[in-house]
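Undergrad: Take a look at target.txt, compact mmCIF, C-alpha atoms and all ligand atoms:
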```txt
# COMPACT_ATOMS: atom_id res chain seq x y z
CA MET A 30 106.22 132.82 -208.29
CA LYS A 31 105.04 136.13 -209.78
CA PHE A 32 103.79 136.45 -213.35
CA ALA A 33 103.18 139.32 -215.77
CA ASP A 34 101.17 139.94 -218.94
CA LEU A 35 102.94 142.73 -220.78
CA HIS A 36 100.55 143.30 -223.70
CA VAL A 37 97.00 144.33 -222.84
CA HIS A 38 94.61 146.77 -224.54
CA SER A 39 91.93 148.73 -222.67
CA HIS A 40 88.83 150.53 -223.90
CA PHE A 41 91.01 153.61 -224.37
CA SER A 42 92.03 151.94 -227.65
CA ASP A 43 90.39 148.87 -229.18
CA GLY A 44 90.05 146.64 -226.13
CA THR A 45 86.78 146.47 -224.21
CA PHE A 46 87.98 146.54 -220.59
CA SER A 47 87.62 149.63 -218.46
CA PRO A 48 90.43 150.14 -215.93
CA LYS A 49 88.22 148.52 -213.25
CA GLN A 50 87.51 145.46 -215.41
CA LEU A 51 91.13 145.23 -216.49
CA VAL A 52 92.34 145.12 -212.88
CA ALA A 53 89.63 142.60 -211.93
CA GLU A 54 90.69 140.32 -214.82
CA ALA A 55 94.35 140.62 -213.85
CA ILE A 56 93.55 139.57 -210.28
CA LYS A 57 91.35 136.71 -211.53
CA ALA A 58 94.22 135.50 -213.73
CA GLY A 59 96.61 135.62 -210.75
CA LEU A 60 98.88 138.20 -212.37
CA SER A 61 101.17 140.43 -210.30
CA CYS A 62 101.95 142.80 -213.14
CA VAL A 63 100.26 144.03 -216.32
CA SER A 64 101.37 146.53 -218.93
CA VAL A 65 98.65 148.65 -220.54
CA THR A 66 99.84 148.92 -224.15
CA ASP A 67 97.09 150.73 -226.02
CA HIS A 68 97.47 151.75 -229.67
CA ASP A 69 98.63 155.38 -230.01
CA THR A 70 97.33 156.51 -226.61
CA THR A 71 98.45 156.63 -223.00
CA ASP A 72 95.06 157.69 -221.63
CA GLY A 73 94.36 154.31 -220.02
CA ILE A 74 97.53 154.20 -217.93
CA ASP A 75 96.82 156.56 -215.04
CA PRO A 76 93.22 155.44 -214.40
CA THR A 77 94.39 151.80 -214.37
CA ILE A 78 97.24 152.56 -211.97
CA THR A 79 94.75 154.31 -209.67
CA GLU A 80 92.28 151.44 -209.91
CA ALA A 81 94.97 148.83 -209.23
CA GLY A 82 96.37 150.47 -206.11
CA SER A 83 98.76 147.97 -204.58
CA ASP A 84 96.86 144.91 -205.88
CA VAL A 85 98.51 144.73 -209.31
CA GLU A 86 101.59 146.51 -210.63
CA ILE A 87 100.69 148.44 -213.80
CA LEU A 88 103.56 149.28 -216.15
CA PRO A 89 103.09 152.24 -218.49
CA GLY A 90 103.23 151.06 -222.08
CA ILE A 91 102.17 151.80 -225.64
CA GLU A 92 101.93 149.98 -228.98
CA LEU A 93 102.92 151.96 -232.08
CA ALA A 94 102.55 150.70 -235.63
CA SER A 95 105.47 151.50 -237.92
CA GLU A 96 106.10 150.45 -241.50
CA ALA A 97 109.03 148.70 -243.17
CA PHE A 98 109.29 146.68 -246.39
CA GLY A 99 105.67 147.62 -247.12
CA GLN A 100 104.34 145.89 -244.03
CA GLU A 101 103.25 146.80 -240.53
CA VAL A 102 105.84 146.47 -237.79
CA HIS A 103 104.38 146.93 -234.32
CA ILE A 104 106.66 148.23 -231.62
CA LEU A 105 105.86 148.25 -227.91
CA GLY A 106 107.25 150.95 -225.68
CA TYR A 107 107.64 150.03 -222.01
CA LEU A 108 108.08 152.25 -218.98
CA ILE A 109 107.67 155.38 -221.06
CA ASP A 110 107.17 158.82 -219.54
CA HIS A 111 103.50 158.85 -220.49
CA HIS A 112 103.06 162.53 -219.64
CA ASN A 113 105.74 163.89 -221.98
CA GLU A 114 104.13 166.78 -223.86
CA ASP A 115 105.88 166.33 -227.21
CA PHE A 116 105.06 162.64 -227.18
CA LEU A 117 101.39 163.34 -226.40
CA LYS A 118 101.29 165.89 -229.23
CA MET A 119 102.66 163.30 -231.67
CA LEU A 120 100.08 160.78 -230.45
CA SER A 121 97.23 163.22 -230.95
CA GLN A 122 98.30 163.58 -234.60
CA MET A 123 98.14 159.82 -234.93
CA GLN A 124 94.70 159.75 -233.33
CA GLU A 125 93.45 162.38 -235.78
CA ALA A 126 94.82 160.35 -238.70
CA ARG A 127 92.94 157.33 -237.33
CA VAL A 128 89.64 159.24 -237.43
CA ASN A 129 90.21 160.37 -241.05
CA ARG A 130 91.13 156.84 -242.04
CA ILE A 131 87.74 155.50 -240.91
CA PHE A 132 86.08 157.62 -243.62
CA GLY A 133 88.56 156.23 -246.17
CA ILE A 134 87.87 152.65 -245.12
CA CYS A 135 84.11 153.25 -245.38
CA GLU A 136 84.58 154.59 -248.93
CA LYS A 137 86.51 151.47 -249.90
CA LEU A 138 83.85 149.29 -248.30
CA ILE A 139 81.07 150.98 -250.29
CA LYS A 140 82.86 149.96 -253.50
CA LEU A 141 82.62 146.40 -252.18
CA LYS A 142 78.89 146.90 -251.61
CA VAL A 143 79.28 147.18 -247.85
CA ASP A 144 77.58 150.29 -246.58
CA LEU A 145 78.66 151.27 -243.07
CA ASP A 146 77.86 154.50 -241.29
CA PRO A 147 81.18 155.89 -239.97
CA GLN A 148 79.29 157.14 -236.93
CA ASP A 149 78.51 153.55 -235.91
CA ILE A 150 82.26 152.89 -235.88
CA PHE A 151 82.96 156.00 -233.81
CA ASN A 152 80.21 154.97 -231.39
CA MET A 153 81.78 151.51 -231.07
CA ALA A 154 85.13 153.14 -230.23
CA GLY A 155 83.59 155.50 -227.68
CA LYS A 156 86.35 157.58 -226.12
CA GLY A 157 89.06 155.24 -227.37
CA THR A 158 91.43 155.59 -230.31
CA VAL A 159 89.42 154.25 -233.23
CA GLY A 160 90.80 151.38 -235.32
CA ARG A 161 90.17 148.41 -237.54
CA LEU A 162 88.97 146.20 -234.70
CA HIS A 163 86.05 148.61 -234.21
CA VAL A 164 85.31 148.43 -237.95
CA ALA A 165 85.44 144.62 -237.74
CA ARG A 166 83.01 144.56 -234.82
CA VAL A 167 80.55 146.80 -236.67
CA LEU A 168 80.84 144.55 -239.75
CA VAL A 169 79.83 141.63 -237.52
CA GLU A 170 77.10 143.58 -235.72
CA LYS A 171 75.53 144.62 -239.05
CA GLY A 172 75.64 141.05 -240.36
CA PHE A 173 78.23 141.57 -243.11
CA CYS A 174 80.55 139.01 -241.49
CA SER A 175 80.08 136.26 -238.99
CA SER A 176 83.29 136.92 -237.05
CA VAL A 177 86.02 139.47 -236.49
CA SER A 178 88.50 137.14 -238.23
CA GLU A 179 86.26 136.99 -241.28
CA ALA A 180 86.04 140.79 -241.32
CA PHE A 181 89.84 141.05 -241.42
CA TYR A 182 90.20 138.27 -243.97
CA ARG A 183 87.51 139.51 -246.33
CA TYR A 184 87.74 143.28 -245.94
CA ILE A 185 90.19 145.12 -243.71
CA GLY A 186 93.18 142.85 -243.01
CA ASP A 187 96.63 143.96 -244.14
CA LYS A 188 96.20 142.29 -247.53
CA ALA A 189 92.43 142.74 -247.93
CA PRO A 190 90.74 145.13 -250.40
CA ALA A 191 89.47 147.72 -247.90
CA TYR A 192 92.76 147.87 -246.00
CA MET A 193 93.91 151.36 -245.42
CA GLY A 194 97.17 152.39 -243.83
CA LYS A 195 97.41 155.30 -241.49
CA PHE A 196 100.15 157.72 -240.55
CA LYS A 197 103.10 155.46 -239.79
CA MET A 198 106.72 156.18 -239.01
CA THR A 199 109.66 153.96 -239.83
CA PRO A 200 110.75 151.52 -237.10
CA ALA A 201 113.85 153.70 -236.55
CA GLU A 202 111.73 156.80 -235.92
CA THR A 203 109.36 154.90 -233.64
CA ILE A 204 112.25 153.49 -231.62
CA LYS A 205 113.72 156.98 -231.29
CA TRP A 206 110.42 158.37 -229.96
CA ILE A 207 110.12 155.61 -227.38
CA LYS A 208 113.69 156.02 -226.16
CA GLY A 209 113.21 159.78 -226.20
CA VAL A 210 110.59 159.40 -223.46
CA GLY A 211 112.77 157.00 -221.47
CA GLY A 212 111.03 153.87 -222.72
CA VAL A 213 112.28 150.46 -223.79
CA PRO A 214 111.35 149.63 -227.42
CA VAL A 215 110.37 146.00 -228.00
CA LEU A 216 109.42 144.30 -231.27
CA ALA A 217 105.80 143.10 -230.89
CA HIS A 218 104.48 139.70 -232.08
CA PRO A 219 107.41 139.04 -234.47
CA TYR A 220 105.57 136.13 -236.12
CA THR A 221 103.65 138.73 -238.17
CA LEU A 222 106.83 139.81 -239.98
CA GLY A 223 107.17 138.50 -243.50
CA SER A 224 110.67 137.32 -242.68
CA LYS A 225 112.74 137.13 -239.52
CA VAL A 226 115.85 138.26 -241.39
CA ILE A 227 114.68 141.88 -241.12
CA ILE A 228 114.99 141.73 -237.31
CA SER A 229 118.69 142.59 -237.76
CA ASP A 230 117.60 145.94 -239.26
CA PHE A 231 115.58 146.74 -236.14
CA VAL A 232 118.56 145.80 -233.98
CA ARG A 233 120.62 148.32 -235.92
CA ASP A 234 117.83 150.86 -235.36
CA GLY A 235 118.09 150.32 -231.59
CA ILE A 236 115.34 147.86 -230.69
CA MET A 237 116.00 146.50 -227.19
CA GLY A 238 113.74 143.47 -226.92
CA ILE A 239 111.56 140.88 -228.64
CA GLU A 240 108.10 139.74 -227.60
CA ALA A 241 109.03 136.08 -227.88
CA TYR A 242 106.11 134.85 -225.78
CA TYR A 243 102.82 135.73 -227.48
CA SER A 244 99.33 134.19 -227.70
CA GLU A 245 99.65 133.32 -231.38
CA HIS A 246 103.20 131.94 -231.22
CA SER A 247 103.69 128.19 -231.33
CA ASN A 248 106.23 126.63 -228.95
CA PHE A 249 108.57 126.37 -231.91
CA GLN A 250 108.21 130.08 -232.71
CA GLU A 251 108.75 131.01 -229.06
CA GLN A 252 112.01 129.11 -229.00
CA GLU A 253 113.03 130.58 -232.32
CA PHE A 254 112.49 134.15 -231.11
CA VAL A 255 114.19 133.46 -227.77
CA LYS A 256 117.19 132.27 -229.77
CA ILE A 257 117.18 135.40 -231.92
CA ALA A 258 116.90 137.60 -228.81
CA ASN A 259 119.87 135.83 -227.26
CA LYS A 260 121.87 136.11 -230.46
CA TYR A 261 121.53 139.90 -230.47
CA GLY A 262 121.62 140.31 -226.69
CA LEU A 263 118.03 141.59 -226.59
CA LEU A 264 115.49 141.47 -223.77
CA ILE A 265 112.75 138.86 -223.91
CA THR A 266 109.18 139.89 -223.14
CA GLY A 267 105.76 138.33 -223.44
CA GLY A 268 102.11 139.23 -223.46
CA SER A 269 98.69 138.02 -224.48
CA ASP A 270 97.52 141.02 -226.59
CA CYS A 271 94.22 140.73 -224.75
CA HIS A 272 91.47 142.98 -226.16
CA GLY A 273 88.77 141.95 -223.66
CA THR A 274 85.58 140.64 -225.22
CA ALA A 275 86.57 142.02 -228.66
CA LYS A 276 88.78 138.91 -228.92
CA GLU A 277 87.11 136.46 -226.58
CA GLU A 278 89.63 133.70 -227.21
CA ILE A 279 92.57 135.75 -225.95
CA GLY A 280 92.03 136.16 -222.23
CA MET A 281 94.29 138.13 -219.96
CA GLY A 282 97.12 135.98 -218.68
CA LYS A 283 97.01 133.70 -221.73
CA VAL A 284 100.71 134.46 -221.69
CA ARG A 285 102.27 134.41 -218.23
CA LEU A 286 105.74 135.85 -218.17
CA PRO A 287 107.88 135.04 -215.11
CA TYR A 288 108.52 138.27 -213.21
CA GLU A 289 112.31 138.04 -213.61
CA TYR A 290 111.84 139.31 -217.19
CA VAL A 291 110.12 142.41 -215.81
CA GLU A 292 113.10 143.02 -213.56
CA LYS A 293 115.43 142.85 -216.55
CA LEU A 294 113.15 145.28 -218.41
CA LYS A 295 113.33 147.72 -215.51
CA SER A 296 117.15 147.56 -215.38
CA ALA A 297 117.27 148.19 -219.13
CA ARG A 298 114.99 151.19 -218.65
CA ASN A 299 117.42 152.75 -216.24
CA LYS A 300 120.12 152.47 -218.87
CA VAL A 301 117.92 154.25 -221.47
CA THR A 302 117.34 157.12 -219.06
CA LEU A 303 121.07 157.48 -218.52
CA GLN A 304 121.83 157.59 -222.28
P1 LIG B 401 94.70 149.34 -236.46
O1 LIG B 401 95.64 149.81 -235.37
O2 LIG B 401 93.48 150.18 -236.54
O3 LIG B 401 95.38 149.16 -237.79
O4 LIG B 401 94.18 147.91 -236.01
C1 LIG B 401 95.04 146.97 -235.54
C2 LIG B 401 94.26 146.00 -234.70
O5 LIG B 401 93.58 145.11 -235.53
C3 LIG B 401 95.15 145.18 -233.79
O6 LIG B 401 94.69 145.31 -232.48
C4 LIG B 401 94.98 143.78 -234.16
O7 LIG B 401 94.71 143.00 -233.04
C5 LIG B 401 93.76 143.78 -235.05
N1 LIG B 401 94.02 142.91 -236.19
C6 LIG B 401 94.86 143.12 -237.22
N2 LIG B 401 94.81 142.08 -238.09
C7 LIG B 401 93.91 141.20 -237.56
C8 LIG B 401 93.41 139.93 -237.98
N3 LIG B 401 93.80 139.37 -239.12
N4 LIG B 401 92.50 139.31 -237.18
C9 LIG B 401 92.08 139.88 -236.04
N5 LIG B 401 92.51 141.07 -235.60
C10 LIG B 401 93.41 141.72 -236.34
ZN ZN B 402 94.40 146.24 -231.02
FE FE B 403 100.00 144.63 -232.65
FE FE B 404 98.34 144.76 -229.47
```
Just dump the structure as structure tokens.
Ligand code: AMP
Ligand code: ZN
Ligand code: FE
Ligand code: FE
TA:
Amino acid sequence: MKFADLHVHSHFSDGTFSPKQLVAEAIKAGLSCVSVTDHDTTDGIDPTITEAGSDVEILPGIELASEAFGQEVHILGYLIDHHNEDFLKMLSQMQEARVNRIFGICEKLIKLKVDLDPQDIFNMAGKGTVGRLHVARVLVEKGFCSSVSEAFYRYIGDKAPAYMGKFKMTPAETIKWIKGVGGVPVLAHPYTLGSKVIISDFVRDGIMGIEAYYSEHSNFQEQEFVKIANKYGLLITGGSDCHGTAKEEIGMGKVRLPYEYVEKLKSARNKVTLQ
């Protein structure tokens, strides 16, 4: 049987794996297929495809954060045309907003008596799109927190005092962008939503799938989201949300999705392109 992990971050966003390491980990985990779903960038896709050759199938993907009901709603885009110029232009605006936001987060942290040099955060991100996970890792490195989880809980998590939003679209706009580049929009890690009743809104907006299988979902939650997907006739996907050594406990292949789900995703993609 063939298995896939459809939610993996590389060092082009806030993961730590280079394309070479990512492919090596996929092979080690016995995966036939991986989707590179970096935050707000597609830069990791081509180098990973090249690195993988015929050893592992790499699906182009992306993870975009939108906002609804005052909370973050992450939407994955699968099988996107990752070279589309308008799409890349929109992403570069998001990347710029991410850089500005780091200065804002540092200002909020100073008020909490945590003095970080923004440059240390940019260095941690290297070439990748900079984000809160980089801030969290610097907070740990500088001894302000003992773990990444503590950094999110105490300082930069969605409900913490130094949280800062960034440029975010509505789910409807995000879904439209993904479909506009031939991709399949899928609701990421739905357990993070305040309530599952709002899923019907995303269905109305055109979401095509739900990431029912996810590292942080319990068996009960998995079954619950599979049921919701079936109710609305949505695709079912799954992924680990591996970030390499930035989240040691979430290894690649922690979620192993039977390949038949990938086949369904591909058929759905063909329908988007025909729309
Ligand atoms: P950003 O896109 O900069 O807002 O950062 C989002 C990243 O932060 C995602 O990759 C999440 O994995 C990570 N993240 C968000 N909340 C938490 C949390 N409570 N604990 C650990 N990581 C988190
Ligand atoms: Zn991330
Ligand atoms: Fe996410
Ligand atoms: Fe993710």
Undergrad: Write out as a count of residues only each polymer residue whose atoms come within 7 Å of range 216-228 of chain A, counting only C-alpha atoms; drop sequence neighbours fewer than 2 positions from it.
TA: 13
Undergrad: Report, in Å with one decimal, the straight-line distance from CA of Met123 in chain A to CA of Ala165 in chain A.
TA: 20.0 Å
Undergrad: Choose the residue, out of A:Ile78, A:Ala94, A:Cys174, A:Ala241, that has the smallest atom-to-atom separation from ligand FE 403 (chain B); count all atoms listed in the file.
TA: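 Using all atoms listed in the file, ligand FE 403 (chain B) sits closest to A:Ala94.
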Undergrad: Specify the axis-aligned box that encloses all atoms of range 75-93 of chain A listed in the file after padding of 5 Å on each side, stating its centre and edge lengths in Å to one decimal as lines of an AutoDock Vina configuration file.
TA:
```
center_x = 97.9
center_y = 150.6
center_z = -218.3
size_x = 21.3
size_y = 21.8
size_z = 37.5
```
Undergrad: Interatomic distance between CA of Ala297 in chain A and CA of Ser121 in chain A?
TA: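 Distance reported for this atom pair: 27.7 Å.
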Undergrad: Tell me, in Å to one decimal, how far CA of Ile207 in chain A is from CA of Gly106 in chain A.
TA: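 Computing it gives 5.7 Å between the two atoms.
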Undergrad: With ligand LIG 401 (chain B) as the partner and 7 Å as the cut-off, tabulate the residues of chain A that qualify, each row holding the nearest pair of atoms and their distance in Å to one decimal, using only C-alpha atoms and all ligand atoms, sorted by chain and rising number, as CSV.
TA:
```
residue,atom,partner,partner_atom,distance
A:Asp43,CA,B:LIG401,O6,6.5
A:His68,CA,B:LIG401,O1,6.3
A:Ala94,CA,B:LIG401,O1,7.0
A:Val159,CA,B:LIG401,O2,6.6
A:Gly160,CA,B:LIG401,O2,3.2
A:Arg161,CA,B:LIG401,O2,3.9
A:Leu162,CA,B:LIG401,O5,4.8
A:Val177,CA,B:LIG401,C9,6.1
A:Ser178,CA,B:LIG401,N4,4.7
A:Phe181,CA,B:LIG401,N3,4.9
A:Tyr182,CA,B:LIG401,N3,6.1
A:Gly186,CA,B:LIG401,N2,5.2
A:Asp187,CA,B:LIG401,N2,6.6
```
Undergrad: Identify, counting all atoms listed in the file, the protein, DNA and RNA residues located within 8 Å of ligand FE 404 (chain B), and give them as a list in words.
TA: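 Checking all atoms listed in the file against ligand FE 404 (chain B) at 8 Å gives His36, Val37, His38, Thr66, Asp67, His68, Glu92, Ala217, Asp270, Cys271 and His272 of chain A.
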Undergrad: Show me, as a CSV table (one decimal) with C-alpha atoms, in the coordinates of the input, the residues that have an atom within 9 Å of Phe116 in chain A when counting all atoms listed in the file, minus same-chain residues fewer than 4 positions from it.
TA:
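As written to disk, result.csv reads:
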```
chain,number,residue,atom,x,y,z
A,110,ASP,CA,107.2,158.8,-219.5
A,111,HIS,CA,103.5,158.8,-220.5
A,112,HIS,CA,103.1,162.5,-219.6
A,120,LEU,CA,100.1,160.8,-230.4
A,121,SER,CA,97.2,163.2,-231.0
A,206,TRP,CA,110.4,158.4,-230.0
A,207,ILE,CA,110.1,155.6,-227.4
A,209,GLY,CA,113.2,159.8,-226.2
A,210,VAL,CA,110.6,159.4,-223.5
```
Undergrad: Compare A:Thr77, A:Ser269, A:Gln250, A:Thr71 by their minimum atom-to-atom distance to ligand FE 403 (chain B), counting only C-alpha atoms and all ligand atoms, and give me the closest one.
TA: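 Answer, going by the shortest atom-to-atom distance: A:Ser269.
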Undergrad: Of the residues A:Met237, A:Thr158, A:Tyr288, A:Lys142, which is the one nearest to Gly262 in chain A, using only C-alpha atoms?
TA: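 Among A:Met237, A:Thr158, A:Tyr288, A:Lys142, it is A:Met237 that comes nearest to Gly262 in chain A.
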Undergrad: Would you kindly return, as a list in words, each protein, DNA or RNA residue with an atom no farther than 10 Å from any atom of Ile56 in chain A, considering only C-alpha atoms and excluding same-chain residues fewer than 2 positions away?
TA: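 So the residues in contact are Gln50, Leu51, Val52, Ala53, Glu54, Ala58, Gly59, Leu60, Ser61, Cys62, Ala81, Asp84, Val85, Met281 and Gly282 of chain A.
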Undergrad: What's around His40 in chain A at 8 Å? Count all atoms listed in the file, leave out sequence neighbours fewer than 6 positions away in its own chain, and write the answer as number ranges by chain.
TA: A: 46-47, 73, 154, 156-157
Undergrad: Counting only C-alpha atoms and all ligand atoms, which residue out of A:Ala189, A:Leu138, A:Val215, A:Ile257 sits closest to ligand FE 403 (chain B)?
TA: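 Result for the nearest residue to ligand FE 403 (chain B): A:Val215.
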Undergrad: With all atoms listed in the file as the basis for distance, which of A:Ala201, A:Met30, A:Leu35, A:Ile74 is at the shortest distance from Ile265 in chain A?
TA: A:Leu35
Undergrad: Compare A:Tyr107, A:Phe173, A:Phe249, A:Tyr192 by their minimum atom-to-atom distance to Thr266 in chain A, counting only C-alpha atoms, and give me the closest one.
TA: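 For Thr266 in chain A, the nearest of the given residues is A:Tyr107.
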Undergrad: With only C-alpha atoms as the counted atoms, please give the residues lying no more than 8 Å from Glu80 in chain A, apart from itself and same-chain residues fewer than 4 positions off, as a ChimeraX atom specification.
TA: /A:48-49,52,76
